[in-house]
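Asks: Shown below is the structure under consideration.
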Amino acid sequence: MSAPRHRPVAVLGLGAMGRALAGALLAAGHPTTVWNRSPERSAALAGAGADVAGSAAEAVAAGELVVVCLLDDDVTRRVLERAAPALAGRTVVNLTNGTPAQAHRLAEWVTARGARYVDGGIMAVPFMIGQPGAFVLYSGAEDAFLDWRDTLEAFGDVHWLGADPGRAAVHDLALLAAMYGMFGGFLHATAMVRAAGTPVGRFAPMVTGWLTAMLGELPAMAAAVDSGEHDADGSSLRMQAASFGNLLAACRDLGVDAGLMRPVRDLLDEAVARGHGEEGLSALVGLLHDDVGRPA
Ligand SMILES: NC(=O)c1ccc[n+]([C@@H]2O[C@H](COP(=O)([O-])OP(=O)(O)OC[C@H]3O[C@@H](n4cnc5c(N)ncnc54)[C@H](OP(=O)(O)O)[C@@H]3O)[C@@H](O)[C@H]2O)c1
């Protein structure tokens, strides 16, 4: 029996991420055509068997699936405009970071040119592509997603979020917010212990242990947000607002800029002032979102 035919694919954009994606498609056995503004970035992929297109339009013409991974929405739109005559009949999977509104606009524009549009958010760094732990969020044209799902699994686990093309971007950006919250907290903590003279390398394992323990709280917090029952579970916002003042005072004494922490203090104080002092941290979501009258 002959092996299943691998359909031809194209990748537009060979930055750090685009090169990883193209490499995964090649490794999965797809005839892969690549294009990049700076052609020198395609050399290693050409050595691994990729066809190098001289223009974005040439690449789009060569691939039934067109994976786009460029710097931002503006660049993506300009590159696709140059390839517009070749788009009809193609599936465009745009893995460029963007907003839900940008995804909606691009979906409309691509669909009007006779192609199917799937938006995506890559939850991985380039070296993770195709490795355990990598996952990618998708939303948009479901028939196109199902048609190419097996191919997209070459990048990492797939998460389908529905027909609204903006859904992947919302979840992608929300996950980035969670990541930056964690890194921001770590950077602030690191500045504090460094100012106190502790080698940061000795401190990092404590942070890992503490954050790992706190990660266990997330499912219960999520359930509390969904139910609206914000049990303090022994750690009231009133208590946390009081100790947060100590954190800021210690930063002042250590000469550490508390700019990353002050918004958290303000949120805690506001929650207590609004009568949420005996509730738990999950109640703060109501202050961030407009269900208690504050603009989102
Ligand atoms: N790297 C990550 O860790 C990571 C993780 C998740 C998601 N992403 C997302 O993946 C996308 C690509 O990221 P990356 O890491 O590959 O970025 P990158 O290494 O900076 O590559 C940017 C790409 O955009 C192209 N580009 C920039 N300006 C252009 C223009 N005016 N015209 C045509 N092409 C242009 C670059 O072409 P040249 O080579 O010619 O400059 C290159 O192909 C971004 O949206 C990023 O947010 C990245």
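By convention in this document, the chains of the structure tokens carry letters A, B, ... by their order, each chain's residues are numbered from 1, and ligands are numbered from 1 in the order they are shown.
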Run DSSP on the backbone of this structure and report the residues of stretch 207-268 of chain A it assigns to alpha helix (DSSP H), as JSON, numbers by chain.

Replies: {"A": [207, 208, 209, 210, 211, 212, 213, 214, 215, 218, 219, 220, 221, 222, 223, 224, 225, 226, 227, 237, 238, 239, 240, 241, 242, 243, 244, 245, 246, 247, 248, 249, 250, 251, 252, 253, 254, 262, 263, 264, 265, 266, 267, 268]}

Asks: Which residues in stretch 118-243 of chain A does DSSP call strand (DSSP E or B)? List them as a list in words.

Replies: Val118, Asp119, Gly120, Gly121, Ile122, Met123, Phe135, Val136, Leu137, Tyr138, Ser139, Gly140, Asp157, Val158, His159, Trp160 and Asp231 of chain A

Asks: Just N, CA and C atoms for this one: save the residues we selected as a PDB file, in the first residue's frame.

Replies:
```
ATOM      1  N   VAL A 118      -8.219  30.617   9.051  1.00  0.00           N
ATOM      2  CA  VAL A 118      -8.144  30.139  10.433  1.00  0.00           C
ATOM      3  C   VAL A 118      -7.111  31.003  11.145  1.00  0.00           C
ATOM      4  N   ASP A 119      -7.492  31.535  12.303  1.00  0.00           N
ATOM      5  CA  ASP A 119      -6.549  32.328  13.092  1.00  0.00           C
ATOM      6  C   ASP A 119      -5.960  31.434  14.183  1.00  0.00           C
ATOM      7  N   GLY A 120      -4.752  31.756  14.600  1.00  0.00           N
ATOM      8  CA  GLY A 120      -4.138  30.903  15.610  1.00  0.00           C
ATOM      9  C   GLY A 120      -3.260  31.669  16.574  1.00  0.00           C
ATOM     10  N   GLY A 121      -3.035  31.075  17.725  1.00  0.00           N
ATOM     11  CA  GLY A 121      -2.130  31.642  18.729  1.00  0.00           C
ATOM     12  C   GLY A 121      -1.178  30.553  19.189  1.00  0.00           C
ATOM     13  N   ILE A 122       0.107  30.805  19.031  1.00  0.00           N
ATOM     14  CA  ILE A 122       1.104  29.781  19.367  1.00  0.00           C
ATOM     15  C   ILE A 122       1.491  29.912  20.833  1.00  0.00           C
ATOM     16  N   MET A 123       1.237  28.871  21.611  1.00  0.00           N
ATOM     17  CA  MET A 123       1.628  28.890  23.011  1.00  0.00           C
ATOM     18  C   MET A 123       2.895  28.047  23.174  1.00  0.00           C
ATOM     19  N   PHE A 135       1.488  24.005  22.508  1.00  0.00           N
ATOM     20  CA  PHE A 135       0.117  23.912  21.990  1.00  0.00           C
ATOM     21  C   PHE A 135      -0.232  25.185  21.232  1.00  0.00           C
ATOM     22  N   VAL A 136      -1.194  25.028  20.332  1.00  0.00           N
ATOM     23  CA  VAL A 136      -1.606  26.151  19.483  1.00  0.00           C
ATOM     24  C   VAL A 136      -3.124  26.246  19.525  1.00  0.00           C
ATOM     25  N   LEU A 137      -3.604  27.477  19.679  1.00  0.00           N
ATOM     26  CA  LEU A 137      -5.046  27.753  19.718  1.00  0.00           C
ATOM     27  C   LEU A 137      -5.503  28.100  18.315  1.00  0.00           C
ATOM     28  N   TYR A 138      -6.693  27.611  17.934  1.00  0.00           N
ATOM     29  CA  TYR A 138      -7.211  27.909  16.598  1.00  0.00           C
ATOM     30  C   TYR A 138      -8.678  28.309  16.682  1.00  0.00           C
ATOM     31  N   SER A 139      -9.096  29.218  15.784  1.00  0.00           N
ATOM     32  CA  SER A 139     -10.515  29.516  15.608  1.00  0.00           C
ATOM     33  C   SER A 139     -10.705  30.070  14.204  1.00  0.00           C
ATOM     34  N   GLY A 140     -11.950  29.981  13.718  1.00  0.00           N
ATOM     35  CA  GLY A 140     -12.236  30.477  12.372  1.00  0.00           C
ATOM     36  C   GLY A 140     -13.015  29.456  11.568  1.00  0.00           C
ATOM     37  N   ASP A 157       0.096  20.340  20.322  1.00  0.00           N
ATOM     38  CA  ASP A 157      -1.310  19.995  20.543  1.00  0.00           C
ATOM     39  C   ASP A 157      -2.200  21.103  19.991  1.00  0.00           C
ATOM     40  N   VAL A 158      -3.352  20.705  19.452  1.00  0.00           N
ATOM     41  CA  VAL A 158      -4.257  21.709  18.880  1.00  0.00           C
ATOM     42  C   VAL A 158      -5.438  21.927  19.824  1.00  0.00           C
ATOM     43  N   HIS A 159      -5.839  23.177  19.973  1.00  0.00           N
ATOM     44  CA  HIS A 159      -7.040  23.522  20.752  1.00  0.00           C
ATOM     45  C   HIS A 159      -7.970  24.318  19.851  1.00  0.00           C
ATOM     46  N   TRP A 160      -9.126  23.729  19.536  1.00  0.00           N
ATOM     47  CA  TRP A 160     -10.096  24.396  18.665  1.00  0.00           C
ATOM     48  C   TRP A 160     -11.048  25.223  19.536  1.00  0.00           C
ATOM     49  N   ASP A 231     -15.253  32.614  48.239  1.00  0.00           N
ATOM     50  CA  ASP A 231     -14.858  32.281  49.612  1.00  0.00           C
ATOM     51  C   ASP A 231     -13.409  32.680  49.868  1.00  0.00           C
TER      52      ASP A 231
END
```

Asks: Counting only C-alpha atoms and all ligand atoms, give me one row per residue of chain A with an atom at most 9 Å from an atom of ligand 1, showing the shortest contact pair and its distance in Å to one decimal, sorted by chain then residue number, as JSON lines.

Replies:
```
{"residue": "A:Leu12", "atom": "CA", "partner": "ligand 1", "partner_atom_place_in_ligand_line": "43 (O)", "distance": 7.4}
{"residue": "A:Gly13", "atom": "CA", "partner": "ligand 1", "partner_atom_place_in_ligand_line": "43 (O)", "distance": 3.7}
{"residue": "A:Leu14", "atom": "CA", "partner": "ligand 1", "partner_atom_place_in_ligand_line": "43 (O)", "distance": 4.1}
{"residue": "A:Gly15", "atom": "CA", "partner": "ligand 1", "partner_atom_place_in_ligand_line": "21 (O)", "distance": 3.2}
{"residue": "A:Ala16", "atom": "CA", "partner": "ligand 1", "partner_atom_place_in_ligand_line": "16 (O)", "distance": 3.9}
{"residue": "A:Met17", "atom": "CA", "partner": "ligand 1", "partner_atom_place_in_ligand_line": "16 (O)", "distance": 3.7}
{"residue": "A:Gly18", "atom": "CA", "partner": "ligand 1", "partner_atom_place_in_ligand_line": "16 (O)", "distance": 5.1}
{"residue": "A:Arg19", "atom": "CA", "partner": "ligand 1", "partner_atom_place_in_ligand_line": "16 (O)", "distance": 7.3}
{"residue": "A:Ala20", "atom": "CA", "partner": "ligand 1", "partner_atom_place_in_ligand_line": "16 (O)", "distance": 8.5}
{"residue": "A:Trp35", "atom": "CA", "partner": "ligand 1", "partner_atom_place_in_ligand_line": "43 (O)", "distance": 8.4}
{"residue": "A:Asn36", "atom": "CA", "partner": "ligand 1", "partner_atom_place_in_ligand_line": "43 (O)", "distance": 5.5}
{"residue": "A:Arg37", "atom": "CA", "partner": "ligand 1", "partner_atom_place_in_ligand_line": "40 (O)", "distance": 3.9}
{"residue": "A:Ser38", "atom": "CA", "partner": "ligand 1", "partner_atom_place_in_ligand_line": "40 (O)", "distance": 3.7}
{"residue": "A:Pro39", "atom": "CA", "partner": "ligand 1", "partner_atom_place_in_ligand_line": "40 (O)", "distance": 7.2}
{"residue": "A:Glu40", "atom": "CA", "partner": "ligand 1", "partner_atom_place_in_ligand_line": "39 (O)", "distance": 8.2}
{"residue": "A:Arg41", "atom": "CA", "partner": "ligand 1", "partner_atom_place_in_ligand_line": "39 (O)", "distance": 6.3}
{"residue": "A:Val68", "atom": "CA", "partner": "ligand 1", "partner_atom_place_in_ligand_line": "11 (C)", "distance": 8.6}
{"residue": "A:Cys69", "atom": "CA", "partner": "ligand 1", "partner_atom_place_in_ligand_line": "11 (C)", "distance": 4.9}
{"residue": "A:Leu70", "atom": "CA", "partner": "ligand 1", "partner_atom_place_in_ligand_line": "24 (O)", "distance": 3.7}
{"residue": "A:Leu71", "atom": "CA", "partner": "ligand 1", "partner_atom_place_in_ligand_line": "24 (O)", "distance": 3.9}
{"residue": "A:Asp72", "atom": "CA", "partner": "ligand 1", "partner_atom_place_in_ligand_line": "45 (O)", "distance": 5.0}
{"residue": "A:Asp73", "atom": "CA", "partner": "ligand 1", "partner_atom_place_in_ligand_line": "45 (O)", "distance": 7.8}
{"residue": "A:Asp74", "atom": "CA", "partner": "ligand 1", "partner_atom_place_in_ligand_line": "31 (N)", "distance": 8.2}
{"residue": "A:Val75", "atom": "CA", "partner": "ligand 1", "partner_atom_place_in_ligand_line": "30 (C)", "distance": 5.2}
{"residue": "A:Thr76", "atom": "CA", "partner": "ligand 1", "partner_atom_place_in_ligand_line": "33 (C)", "distance": 7.6}
{"residue": "A:Arg78", "atom": "CA", "partner": "ligand 1", "partner_atom_place_in_ligand_line": "32 (N)", "distance": 7.4}
{"residue": "A:Val79", "atom": "CA", "partner": "ligand 1", "partner_atom_place_in_ligand_line": "33 (C)", "distance": 6.4}
{"residue": "A:Leu95", "atom": "CA", "partner": "ligand 1", "partner_atom_place_in_ligand_line": "10 (O)", "distance": 6.4}
{"residue": "A:Thr96", "atom": "CA", "partner": "ligand 1", "partner_atom_place_in_ligand_line": "45 (O)", "distance": 3.7}
{"residue": "A:Asn97", "atom": "CA", "partner": "ligand 1", "partner_atom_place_in_ligand_line": "45 (O)", "distance": 3.7}
{"residue": "A:Gly98", "atom": "CA", "partner": "ligand 1", "partner_atom_place_in_ligand_line": "45 (O)", "distance": 6.9}
{"residue": "A:Gly121", "atom": "CA", "partner": "ligand 1", "partner_atom_place_in_ligand_line": "7 (C)", "distance": 6.7}
{"residue": "A:Ile122", "atom": "CA", "partner": "ligand 1", "partner_atom_place_in_ligand_line": "6 (C)", "distance": 4.8}
{"residue": "A:Met123", "atom": "CA", "partner": "ligand 1", "partner_atom_place_in_ligand_line": "6 (C)", "distance": 5.8}
{"residue": "A:Ala124", "atom": "CA", "partner": "ligand 1", "partner_atom_place_in_ligand_line": "5 (C)", "distance": 5.4}
{"residue": "A:Val125", "atom": "CA", "partner": "ligand 1", "partner_atom_place_in_ligand_line": "3 (O)", "distance": 3.8}
{"residue": "A:Pro126", "atom": "CA", "partner": "ligand 1", "partner_atom_place_in_ligand_line": "3 (O)", "distance": 5.5}
{"residue": "A:Phe127", "atom": "CA", "partner": "ligand 1", "partner_atom_place_in_ligand_line": "3 (O)", "distance": 8.5}
{"residue": "A:Asp172", "atom": "CA", "partner": "ligand 1", "partner_atom_place_in_ligand_line": "7 (C)", "distance": 9.0}
```

Asks: Would you save the residues from that selection as a compact mmCIF listing (two decimals), in the first residue's frame, using N, CA, C and O atoms?

Replies:
```txt
# COMPACT_ATOMS: atom_id res chain seq x y z
N LEU A 12 4.83 31.65 5.04
CA LEU A 12 5.23 33.04 4.80
C LEU A 12 5.80 33.60 6.10
O LEU A 12 5.09 33.67 7.11
N GLY A 13 7.06 33.97 6.09
CA GLY A 13 7.69 34.51 7.29
C GLY A 13 8.64 33.49 7.90
O GLY A 13 8.20 32.42 8.35
N LEU A 14 9.92 33.79 7.86
CA LEU A 14 10.93 32.87 8.40
C LEU A 14 11.74 33.54 9.49
O LEU A 14 12.97 33.54 9.49
N GLY A 15 11.01 34.19 10.42
CA GLY A 15 11.67 34.63 11.64
C GLY A 15 11.94 33.40 12.50
O GLY A 15 11.84 32.25 12.03
N ALA A 16 12.25 33.63 13.76
CA ALA A 16 12.56 32.50 14.65
C ALA A 16 11.42 31.50 14.66
O ALA A 16 11.63 30.28 14.61
N MET A 17 10.19 32.00 14.72
CA MET A 17 9.04 31.10 14.80
C MET A 17 8.71 30.48 13.45
O MET A 17 8.44 29.27 13.36
N GLY A 18 8.70 31.29 12.40
CA GLY A 18 8.37 30.75 11.07
C GLY A 18 9.34 29.64 10.66
O GLY A 18 8.93 28.64 10.06
N ARG A 19 10.62 29.80 10.98
CA ARG A 19 11.60 28.75 10.64
C ARG A 19 11.27 27.45 11.39
O ARG A 19 11.36 26.36 10.82
N ALA A 20 10.87 27.58 12.65
CA ALA A 20 10.52 26.37 13.43
C ALA A 20 9.29 25.69 12.83
O ALA A 20 9.23 24.46 12.71
N TRP A 35 8.78 31.46 2.04
CA TRP A 35 9.11 32.80 1.55
C TRP A 35 9.44 33.68 2.75
O TRP A 35 8.79 33.58 3.79
N ASN A 36 10.42 34.52 2.57
CA ASN A 36 10.75 35.51 3.60
C ASN A 36 11.28 36.76 2.94
O ASN A 36 11.92 36.71 1.88
N ARG A 37 11.00 37.93 3.56
CA ARG A 37 11.48 39.19 2.99
C ARG A 37 13.00 39.16 2.82
O ARG A 37 13.52 39.52 1.77
N SER A 38 13.71 38.69 3.84
CA SER A 38 15.16 38.58 3.74
C SER A 38 15.49 37.14 3.34
O SER A 38 15.39 36.22 4.16
N PRO A 39 15.87 36.92 2.08
CA PRO A 39 15.98 35.54 1.58
C PRO A 39 17.03 34.70 2.30
O PRO A 39 16.91 33.47 2.35
N GLU A 40 18.05 35.34 2.89
CA GLU A 40 19.12 34.54 3.51
C GLU A 40 18.60 33.65 4.65
O GLU A 40 19.22 32.64 4.99
N ARG A 41 17.45 34.01 5.21
CA ARG A 41 16.93 33.21 6.33
C ARG A 41 16.38 31.85 5.87
O ARG A 41 16.00 31.02 6.69
N VAL A 68 1.01 31.54 7.93
CA VAL A 68 1.58 32.88 7.98
C VAL A 68 2.12 33.14 9.39
O VAL A 68 1.39 32.94 10.37
N CYS A 69 3.38 33.54 9.49
CA CYS A 69 3.94 33.86 10.81
C CYS A 69 4.90 35.03 10.64
O CYS A 69 6.11 34.86 10.46
N LEU A 70 4.31 36.22 10.66
CA LEU A 70 5.08 37.45 10.44
C LEU A 70 5.06 38.29 11.72
O LEU A 70 4.46 37.91 12.72
N LEU A 71 5.70 39.44 11.66
CA LEU A 71 5.89 40.23 12.88
C LEU A 71 4.56 40.65 13.52
O LEU A 71 4.36 40.49 14.72
N ASP A 72 3.67 41.23 12.70
CA ASP A 72 2.41 41.74 13.25
C ASP A 72 1.36 41.80 12.14
O ASP A 72 1.61 41.44 10.99
N ASP A 73 0.20 42.29 12.52
CA ASP A 73 -0.94 42.31 11.60
C ASP A 73 -0.69 43.22 10.40
O ASP A 73 -1.08 42.89 9.28
N ASP A 74 -0.03 44.33 10.63
CA ASP A 74 0.22 45.28 9.55
C ASP A 74 1.08 44.62 8.46
O ASP A 74 0.76 44.69 7.26
N VAL A 75 2.14 43.96 8.88
CA VAL A 75 3.03 43.27 7.93
C VAL A 75 2.26 42.15 7.24
O VAL A 75 2.34 41.96 6.02
N THR A 76 1.48 41.40 8.01
CA THR A 76 0.71 40.28 7.44
C THR A 76 -0.22 40.76 6.34
O THR A 76 -0.28 40.19 5.25
N ARG A 78 0.01 43.47 4.54
CA ARG A 78 0.75 43.96 3.35
C ARG A 78 1.30 42.80 2.53
O ARG A 78 1.24 42.81 1.31
N VAL A 79 1.80 41.76 3.21
CA VAL A 79 2.34 40.60 2.48
C VAL A 79 1.21 39.86 1.75
O VAL A 79 1.33 39.50 0.58
N LEU A 95 -0.72 32.53 12.09
CA LEU A 95 -0.22 32.33 13.46
C LEU A 95 0.54 33.56 13.96
O LEU A 95 1.24 33.50 14.97
N THR A 96 0.37 34.67 13.26
CA THR A 96 0.95 35.93 13.70
C THR A 96 0.18 36.45 14.91
O THR A 96 -1.06 36.41 14.92
N ASN A 97 0.87 36.94 15.92
CA ASN A 97 0.18 37.48 17.09
C ASN A 97 -0.67 38.68 16.70
O ASN A 97 -0.22 39.54 15.93
N GLY A 98 -1.90 38.73 17.22
CA GLY A 98 -2.75 39.87 16.89
C GLY A 98 -3.94 39.96 17.81
O GLY A 98 -4.09 39.16 18.74
N GLY A 121 -3.03 31.07 17.72
CA GLY A 121 -2.13 31.64 18.73
C GLY A 121 -1.18 30.55 19.19
O GLY A 121 -1.62 29.50 19.68
N ILE A 122 0.11 30.80 19.03
CA ILE A 122 1.10 29.78 19.37
C ILE A 122 1.49 29.91 20.83
O ILE A 122 2.04 30.94 21.25
N MET A 123 1.24 28.87 21.61
CA MET A 123 1.63 28.89 23.01
C MET A 123 2.89 28.05 23.17
O MET A 123 2.91 26.94 23.72
N ALA A 124 3.98 28.59 22.65
CA ALA A 124 5.28 27.90 22.69
C ALA A 124 6.33 28.91 22.23
O ALA A 124 5.99 29.90 21.58
N VAL A 125 7.56 28.64 22.58
CA VAL A 125 8.67 29.39 21.98
C VAL A 125 9.25 28.50 20.88
O VAL A 125 8.95 27.30 20.82
N PRO A 126 10.05 29.08 19.97
CA PRO A 126 10.42 28.31 18.78
C PRO A 126 11.00 26.92 19.05
O PRO A 126 10.62 25.96 18.36
N PHE A 127 11.88 26.78 20.04
CA PHE A 127 12.51 25.47 20.22
C PHE A 127 11.51 24.41 20.69
O PHE A 127 11.77 23.21 20.63
N ASP A 172 -5.08 33.64 23.40
CA ASP A 172 -3.62 33.81 23.29
C ASP A 172 -3.18 35.00 24.16
O ASP A 172 -2.26 34.88 25.00
```

Asks: To one decimal place in Å, what is the distance between atom CA of A:Met239 and atom CA of A:Arg274?

Replies: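 One can read the atom CA of A:Met239 to atom CA of A:Arg274 distance as 14.9 Å.
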
Asks: Hey, can you check how far atom CA of A:Arg252 sits from atom CA of A:Tyr180?

Replies: 23.2 Å

Asks: Rank A:Gly156, A:Gly49, A:Gly280, A:Pro8 by their smallest atom-to-atom distance to A:Gly133, using only C-alpha atoms, and report the top residue only.

Replies: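 Looking only at the distances to A:Gly133, the closest residue turns out to be A:Gly156.
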
Asks: Can you pull out every residue within 10 Å of A:Glu278, counting only C-alpha atoms, but drop anything in the same chain fewer than 5 positions away, and send it as a ChimeraX atom specification?

Replies: /A:230-239,271-272,283

Asks: Go through A:Val110, A:Leu287, A:Ala115, A:Ala10 and flag the residue nearest A:Val52, using only C-alpha atoms for the distances.

Replies: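 Checking each of A:Val110, A:Leu287, A:Ala115, A:Ala10 against A:Val52, counting only C-alpha atoms, the winner is A:Ala10.
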
Asks: Report as a CSV table (one decimal) with all heavy atoms, in the first residue's frame all protein, DNA and RNA residues lying within 7 Å of stretch 86-93 of chain A, evaluated on only C-alpha atoms, omitting residues in the same chain fewer than 6 positions from it.

Replies:
```csv
chain,number,residue,atom,x,y,z
A,57,ALA,N,3.5,35.7,-3.4
A,57,ALA,CA,2.5,35.2,-4.3
A,57,ALA,C,2.9,33.8,-4.8
A,57,ALA,O,2.1,32.9,-4.9
A,57,ALA,CB,2.3,36.2,-5.4
A,60,VAL,N,2.3,31.3,-2.1
A,60,VAL,CA,0.9,31.0,-1.9
A,60,VAL,C,0.4,30.1,-3.0
A,60,VAL,O,-0.4,29.1,-2.8
A,60,VAL,CB,0.1,32.3,-1.8
A,60,VAL,CG1,-1.4,32.0,-1.9
A,60,VAL,CG2,0.4,33.0,-0.6
A,61,ALA,N,0.9,30.3,-4.2
A,61,ALA,CA,0.4,29.5,-5.4
A,61,ALA,C,0.9,28.0,-5.2
A,61,ALA,O,0.2,27.1,-5.7
A,61,ALA,CB,1.0,30.1,-6.7
A,64,GLU,N,-1.3,24.4,-0.7
A,64,GLU,CA,-2.7,24.4,-0.5
A,64,GLU,C,-3.0,24.9,0.9
A,64,GLU,O,-4.1,25.5,1.1
A,64,GLU,CB,-3.2,22.9,-0.6
A,64,GLU,CG,-3.1,22.3,-2.0
A,64,GLU,CD,-3.5,20.8,-2.0
A,64,GLU,OE1,-4.3,20.4,-1.2
A,64,GLU,OE2,-3.0,20.1,-2.9
A,65,LEU,N,-2.1,24.7,1.8
A,65,LEU,CA,-2.2,25.4,3.1
A,65,LEU,C,-1.1,26.5,3.2
A,65,LEU,O,0.0,26.2,2.8
A,65,LEU,CB,-1.9,24.4,4.2
A,65,LEU,CG,-1.7,24.9,5.6
A,65,LEU,CD1,-3.1,25.4,6.2
A,65,LEU,CD2,-1.1,23.8,6.5
A,66,VAL,N,-1.5,27.7,3.6
A,66,VAL,CA,-0.6,28.8,3.7
A,66,VAL,C,-0.5,29.2,5.2
A,66,VAL,O,-1.4,29.7,5.7
A,66,VAL,CB,-1.0,30.0,2.9
A,66,VAL,CG1,0.0,31.1,3.0
A,66,VAL,CG2,-1.1,29.6,1.4
A,67,VAL,N,0.7,28.9,5.8
A,67,VAL,CA,0.9,29.2,7.2
A,67,VAL,C,1.6,30.6,7.2
A,67,VAL,O,2.6,30.7,6.6
A,67,VAL,CB,1.7,28.2,7.9
A,67,VAL,CG1,2.1,28.6,9.3
A,67,VAL,CG2,1.0,26.8,7.9
A,68,VAL,N,1.0,31.5,7.9
A,68,VAL,CA,1.6,32.9,8.0
A,68,VAL,C,2.1,33.1,9.4
A,68,VAL,O,1.4,32.9,10.4
A,68,VAL,CB,0.5,34.0,7.6
A,68,VAL,CG1,1.2,35.3,7.6
A,68,VAL,CG2,-0.1,33.6,6.3
A,113,ARG,N,-11.5,36.8,-0.8
A,113,ARG,CA,-10.7,36.5,-2.0
A,113,ARG,C,-10.7,35.0,-2.3
A,113,ARG,O,-9.9,34.4,-2.9
A,113,ARG,CB,-9.2,36.9,-1.7
A,113,ARG,CG,-9.1,38.3,-2.1
A,113,ARG,CD,-8.3,39.2,-1.2
A,113,ARG,NE,-8.6,40.6,-1.6
A,113,ARG,CZ,-9.6,41.3,-1.0
A,113,ARG,NH1,-10.3,40.8,0.0
A,113,ARG,NH2,-9.8,42.6,-1.4
A,114,GLY,N,-11.8,34.3,-1.7
A,114,GLY,CA,-12.0,32.9,-2.1
A,114,GLY,C,-11.2,31.9,-1.3
A,114,GLY,O,-11.1,30.7,-1.7
A,115,ALA,N,-10.6,32.3,-0.2
A,115,ALA,CA,-9.8,31.4,0.6
A,115,ALA,C,-10.5,31.2,2.0
A,115,ALA,O,-11.4,32.0,2.3
A,115,ALA,CB,-8.4,32.0,0.8
A,116,ARG,N,-10.1,30.2,2.7
A,116,ARG,CA,-10.6,29.9,4.0
A,116,ARG,C,-9.6,30.4,5.0
A,116,ARG,O,-8.4,30.3,4.8
A,116,ARG,CB,-10.8,28.4,4.2
A,116,ARG,CG,-11.8,27.8,3.2
A,116,ARG,CD,-12.1,26.3,3.4
A,116,ARG,NE,-10.9,25.5,3.3
A,116,ARG,CZ,-11.0,24.2,3.4
A,116,ARG,NH1,-12.1,23.5,3.6
A,116,ARG,NH2,-9.9,23.4,3.2
A,117,TYR,N,-10.1,31.0,6.1
A,117,TYR,CA,-9.2,31.6,7.1
A,117,TYR,C,-9.4,31.0,8.5
A,117,TYR,O,-10.5,30.9,9.1
A,117,TYR,CB,-9.6,33.1,7.2
A,117,TYR,CG,-8.6,33.9,8.2
A,117,TYR,CD1,-7.4,34.3,7.7
A,117,TYR,CD2,-9.0,34.1,9.5
A,117,TYR,CE1,-6.6,35.0,8.6
A,117,TYR,CE2,-8.1,34.7,10.4
A,117,TYR,CZ,-6.9,35.2,9.9
A,117,TYR,OH,-6.1,35.8,10.8
A,118,VAL,N,-8.2,30.6,9.1
A,118,VAL,CA,-8.1,30.1,10.4
A,118,VAL,C,-7.1,31.0,11.1
A,118,VAL,O,-6.0,31.2,10.6
A,118,VAL,CB,-7.7,28.6,10.5
A,118,VAL,CG1,-7.5,28.2,11.9
A,118,VAL,CG2,-8.8,27.8,9.8
A,119,ASP,N,-7.5,31.5,12.3
A,119,ASP,CA,-6.5,32.3,13.1
A,119,ASP,C,-6.0,31.4,14.2
A,119,ASP,O,-6.6,30.5,14.6
A,119,ASP,CB,-7.3,33.5,13.7
A,119,ASP,CG,-6.3,34.6,14.0
A,119,ASP,OD1,-6.0,35.4,13.1
A,119,ASP,OD2,-5.9,34.8,15.2
A,120,GLY,N,-4.8,31.8,14.6
A,120,GLY,CA,-4.1,30.9,15.6
A,120,GLY,C,-3.3,31.7,16.6
A,120,GLY,O,-2.8,32.8,16.3
A,144,ALA,N,-12.0,24.1,7.3
A,144,ALA,CA,-10.6,24.2,7.0
A,144,ALA,C,-9.8,23.7,8.1
A,144,ALA,O,-8.8,23.0,7.8
A,144,ALA,CB,-10.3,25.7,6.7
```
